[in-house]
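K.L.:
My structure file run_36.txt, compact mmCIF, C-alpha atoms and all ligand atoms, is below:
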# COMPACT_ATOMS: atom_id res chain seq x y z
CA MET V 184 -22.75 7.72 -1.82
CA GLU V 185 -24.76 5.17 -3.73
CA LYS V 186 -24.23 5.65 -7.47
CA ILE V 187 -26.75 4.95 -10.25
CA LEU V 188 -25.90 3.66 -13.71
CA ILE V 189 -27.83 5.63 -16.35
CA SER V 190 -28.22 5.05 -20.07
CA ALA V 191 -26.14 7.69 -21.85
CA CYS V 192 -29.05 8.55 -24.16
CA LEU V 193 -31.29 9.32 -21.16
CA TYR V 194 -28.56 11.57 -19.81
CA GLY V 195 -28.67 13.49 -23.10
CA GLU V 196 -25.77 12.08 -25.07
CA ALA V 197 -26.49 11.57 -28.79
CA VAL V 198 -25.60 7.86 -28.84
CA ARG V 199 -28.84 6.32 -30.09
CA TYR V 200 -28.73 4.21 -33.23
CA ASP V 201 -30.13 7.17 -35.18
CA GLY V 202 -27.67 9.68 -33.73
CA GLN V 203 -30.28 11.23 -31.42
CA HIS V 204 -30.73 11.20 -27.65
CA ASN V 205 -33.61 10.62 -25.22
CA ARG V 206 -32.72 13.31 -22.70
CA LEU V 207 -34.82 12.83 -19.60
CA THR V 208 -35.91 15.94 -17.75
CA HIS V 209 -37.07 15.18 -14.26
CA ARG V 210 -36.54 17.06 -11.02
CA VAL V 211 -34.92 14.14 -9.28
CA LEU V 212 -32.49 13.62 -12.16
CA GLN V 213 -31.22 17.18 -11.73
CA GLN V 214 -30.69 16.41 -8.07
CA TRP V 215 -28.72 13.26 -8.85
CA LYS V 216 -26.59 15.14 -11.37
CA ALA V 217 -25.80 17.81 -8.78
CA GLN V 218 -24.87 15.09 -6.30
CA ASP V 219 -22.50 13.51 -8.85
CA ARG V 220 -24.43 10.30 -8.36
CA LEU V 221 -24.81 9.26 -12.01
CA ILE V 222 -22.47 6.96 -13.94
CA VAL V 223 -23.26 7.53 -17.62
CA PHE V 224 -22.86 4.59 -19.99
CA CYS V 225 -23.95 3.33 -23.43
CA PRO V 226 -23.47 -0.42 -23.82
CA GLU V 227 -23.71 -0.42 -27.61
CA VAL V 228 -21.09 2.28 -28.11
CA SER V 229 -18.91 0.69 -25.45
CA GLY V 230 -19.30 -2.62 -27.25
CA GLY V 231 -17.71 -1.09 -30.33
CA LEU V 232 -20.71 -0.11 -32.46
CA PRO V 233 -20.69 3.22 -34.33
CA THR V 234 -23.20 6.07 -34.05
CA PRO V 235 -25.33 6.22 -36.07
CA ARG V 236 -25.81 2.50 -36.65
CA PRO V 237 -28.59 0.32 -38.06
CA PRO V 238 -31.25 -0.52 -35.47
CA ALA V 239 -30.87 -3.95 -33.89
CA GLU V 240 -33.40 -6.31 -32.32
CA ILE V 241 -33.13 -9.52 -30.32
CA GLN V 242 -34.21 -12.49 -32.42
CA PRO V 243 -36.38 -15.37 -31.18
CA ASP V 244 -33.23 -17.52 -30.89
CA GLY V 245 -31.51 -14.96 -28.64
CA GLN V 246 -29.07 -13.72 -31.26
CA ILE V 247 -29.06 -9.98 -31.92
CA LYS V 248 -29.17 -8.81 -35.52
CA ASP V 249 -29.36 -5.37 -37.05
CA SER V 250 -31.73 -4.32 -39.80
CA THR V 251 -29.15 -5.23 -42.48
CA GLY V 252 -29.02 -8.80 -41.17
CA ALA V 253 -25.60 -8.44 -39.55
CA ASN V 254 -25.13 -10.43 -36.34
CA VAL V 255 -24.11 -7.94 -33.64
CA THR V 256 -24.50 -10.26 -30.66
CA ALA V 257 -20.81 -10.11 -29.73
CA ALA V 258 -20.83 -6.30 -29.56
CA PHE V 259 -23.94 -6.34 -27.36
CA GLN V 260 -22.39 -8.95 -25.08
CA ALA V 261 -19.18 -6.91 -24.82
CA GLY V 262 -21.16 -3.80 -23.90
CA ALA V 263 -23.13 -5.71 -21.28
CA ALA V 264 -19.93 -7.09 -19.75
CA ARG V 265 -18.47 -3.59 -19.55
CA ALA V 266 -21.65 -2.29 -17.93
CA LEU V 267 -21.37 -4.98 -15.28
CA ALA V 268 -17.67 -4.23 -14.71
CA LEU V 269 -18.51 -0.55 -14.25
CA CYS V 270 -21.24 -1.38 -11.76
CA GLN V 271 -18.89 -3.61 -9.82
CA GLN V 272 -16.18 -0.93 -9.86
CA HIS V 273 -18.57 1.63 -8.36
CA GLN V 274 -20.54 -0.86 -6.25
CA ILE V 275 -23.69 0.09 -8.14
CA GLN V 276 -26.91 -1.69 -7.21
CA LEU V 277 -29.40 0.50 -9.10
CA ALA V 278 -29.67 1.34 -12.80
CA LEU V 279 -31.91 3.66 -14.83
CA LEU V 280 -31.94 2.32 -18.38
CA LYS V 281 -33.84 3.20 -21.56
CA GLU V 282 -36.97 1.16 -22.13
CA ASN V 283 -37.49 -0.83 -25.36
CA SER V 284 -33.78 -1.03 -26.26
CA PRO V 285 -32.22 -4.40 -27.14
CA SER V 286 -29.48 -3.47 -24.66
CA CYS V 287 -31.19 -1.36 -22.02
CA GLY V 288 -34.87 -2.38 -22.11
CA SER V 289 -36.16 -3.69 -18.80
CA GLN V 290 -39.85 -4.41 -19.38
CA PHE V 291 -40.29 -4.32 -23.16
CA ILE V 292 -38.21 -4.89 -26.27
CA TYR V 293 -39.04 -5.05 -29.98
CA ASN V 294 -40.03 -8.45 -31.28
CA GLY V 295 -37.14 -9.03 -33.68
CA ARG V 296 -39.01 -8.44 -36.92
CA PHE V 297 -38.23 -4.71 -37.33
CA ALA V 298 -41.96 -4.02 -37.54
CA GLY V 299 -42.19 -1.59 -34.61
CA ILE V 300 -43.95 -4.15 -32.43
CA LYS V 301 -42.97 -4.43 -28.76
CA MET V 302 -43.27 -7.41 -26.50
CA PRO V 303 -42.43 -8.09 -22.85
CA GLY V 304 -38.72 -8.70 -22.44
CA GLN V 305 -35.39 -7.25 -21.46
CA GLY V 306 -32.24 -6.15 -23.24
CA GLN V 307 -28.84 -7.81 -23.14
CA THR V 308 -27.28 -5.42 -20.62
CA THR V 309 -30.34 -5.47 -18.37
CA ALA V 310 -30.30 -9.27 -18.33
CA VAL V 311 -26.62 -9.37 -17.31
CA LEU V 312 -27.04 -6.72 -14.62
CA ARG V 313 -30.11 -8.42 -13.17
CA ALA V 314 -28.33 -11.77 -13.15
CA HIS V 315 -25.84 -10.11 -10.78
CA GLY V 316 -28.47 -8.66 -8.48
CA ILE V 317 -28.54 -5.11 -9.85
CA ARG V 318 -32.02 -3.59 -9.96
CA VAL V 319 -32.89 -2.05 -13.32
CA PHE V 320 -35.57 0.63 -13.73
CA SER V 321 -36.82 2.28 -16.91
CA GLU V 322 -37.37 6.00 -17.44
CA ASN V 323 -41.04 5.31 -16.73
CA GLN V 324 -40.14 4.14 -13.23
CA ILE V 325 -37.92 7.00 -12.09
CA ASP V 326 -40.20 7.81 -9.15
CA GLU V 327 -40.02 4.19 -8.04
CA LEU V 328 -36.23 4.28 -8.33
CA ALA V 329 -36.13 7.51 -6.31
CA ALA V 330 -38.19 5.85 -3.57
CA VAL V 331 -35.85 2.85 -3.44
CA LEU V 332 -32.84 5.14 -3.29
CA ALA V 333 -34.38 7.30 -0.57
CA ALA V 334 -34.91 4.21 1.56
CA SER V 335 -31.29 3.13 1.24
CA ASP V 336 -29.26 6.35 1.01
CA PRO V 337 -29.91 9.27 3.42
CA LEU V 338 -28.09 11.67 1.06
CA GLN V 339 -30.97 11.30 -1.38
CA SER V 340 -33.26 13.49 0.71
CA ARG V 341 -30.83 16.41 0.92
FE1 LIG D 1 -29.29 4.41 -25.05
FE2 LIG D 1 -28.75 1.98 -24.13
FE3 LIG D 1 -29.25 2.36 -26.73
FE4 LIG D 1 -26.97 3.26 -25.70
S1 LIG D 1 -27.60 1.12 -25.85
S2 LIG D 1 -28.34 4.38 -27.06
S3 LIG D 1 -27.63 3.87 -23.65
S4 LIG D 1 -30.70 2.68 -25.04
So, in terms of structure tokens, how does the structure I just supplied come out?
Ligand code: SF4

P.N.:
Amino acid sequence: MEKILISACLYGEAVRYDGQHNRLTHRVLQQWKAQDRLIVFCPEVSGGLPTPRPPAEIQPDGQIKDSTGANVTAAFQAGAARALALCQQHQIQLALLKENSPSCGSQFIYNGRFAGIKMPGQGQTTAVLRAHGIRVFSENQIDELAAVLAASDPLQSR
């Protein structure tokens, strides 16, 4: 069965920087849970960062800093590398990751000034996964992801 990597916060785990979650409720997600199709992962926690933690944003120079000014690039890179290793272990080609995150964002991220302003871009983990051919979808594209999965995995329609 084709597995899907999912951001732990979308799955409902309280791993966000502020100690909250972004639990996604969608019919198809319940189906994937029941099929044991989801591999749940948080790159930032896996990279060694605590929860809660200061929010972090990707800077114009590509470094990642948190709101205290600390450089957390290494932790983000470690989390991204572990995400890729997990995908390779499970032969994952599809990921459902949280939009706007400096790790998981796939279409938008914050602009690095901690002013709540988004711009087109992708997070560290998304960039690494995409560089290895893994398709990354946001929670706003779950129907699109379901369509891609249905075309490639007959179990999806059961
Ligand atoms: Fe969610 Fe990804 Fe942030 Fe972890 S790193 S809290 S999975 S958006």

K.L.:
Residues contacting ligand LIG 1 (chain D) - anything with an atom at most 6 Å away, using only C-alpha atoms and all ligand atoms - can you give me those as a list in words?

P.N.:
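Written in the requested form, the residues are Ser190, Ala191, Cys192, Val198, Arg199, Cys225, Pro226, Glu227, Lys281, Ser284, Ser286 and Cys287 of chain V.
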
K.L.:
Could you tell me which of V:Gln260, V:Gln218, V:Asn294, V:Ser321 comes closest to V:Glu185 if we count all atoms listed in the file?

P.N.:
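Counting all atoms listed in the file, the residue closest to V:Glu185 is V:Gln218.
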
K.L.:
Using Å and a single decimal, report how far atom CA of V:Ala278 sits from atom CA of V:Ile325.

P.N.:
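Atom CA of V:Ile325 sits 10.0 Å away from atom CA of V:Ala278.
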
K.L.:
Which distance in Å separates atom CA of V:Gly230 and atom CA of V:Leu267, to one decimal?

P.N.:
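Atom CA of V:Leu267 lies 12.4 Å from atom CA of V:Gly230.
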
K.L.:
Nearest residue to V:Arg210 out of V:Leu332, V:Asp326, V:Ala257, V:Gln242, using only C-alpha atoms?

P.N.:
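Comparing V:Leu332, V:Asp326, V:Ala257, V:Gln242 against V:Arg210, the winner is V:Asp326.
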
K.L.:
Do a neighbour search on stretch 254-256 of chain V at 10 Å with only C-alpha atoms, toss out local chain neighbours closer than 5 positions, and write the hits as a PyMOL selection string.

P.N.:
chain V and resi 227+230-232+239-241+245-249+261-262+307

K.L.:
Restricting the calculation to only C-alpha atoms: of V:Arg318, V:Arg313, V:Lys186, V:Arg236, which residue gets closest to V:Asp336?

P.N.:
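Ranked by minimum distance to V:Asp336, first place goes to V:Lys186.
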
K.L.:
Can you work out which one of V:Ala333, V:Leu188, V:Asp244, V:Leu193 has the shortest atom-to-atom distance to V:Thr309, counting all atoms listed in the file?

P.N.:
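The shortest atom-to-atom distance to V:Thr309 comes from V:Leu188.
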
K.L.:
Tell me, in Å to one decimal, how far atom CA of V:Met184 is from atom CA of V:Glu322.

P.N.:
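About the pair atom CA of V:Met184 and atom CA of V:Glu322: they are 21.5 Å apart.
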
K.L.:
Might you pull out every residue within 9 Å of V:Gly306, with all atoms listed in the file counted and same-chain residues fewer than 4 positions away left off, and present them as a ChimeraX atom specification?

P.N.:
/V:241,282-292,310-311

K.L.:
Between V:Ile275, V:Gly195, V:Ala268, V:His204, which has the minimum distance to V:Ile222 (counting all atoms listed in the file)?

P.N.:
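Closest residue, counting all atoms listed in the file: V:Ile275.
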
K.L.:
Which of these, V:Val211, V:Ala263, V:Ala217, V:Leu269, has the shortest distance to V:Ala314 once you count all atoms listed in the file?

P.N.:
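So, comparing all the options, the nearest one is V:Ala263.
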
K.L.:
Kindly provide, as AutoDock Vina command-line options, the centre and edge lengths (Å, one decimal) of an axis-aligned box around all atoms of stretch 241-248 of chain V given in the file, with 4 Å on each side.

P.N.:
--center_x -32.7 --center_y -13.2 --center_z -32.1 --size_x 15.3 --size_y 16.7 --size_z 14.9
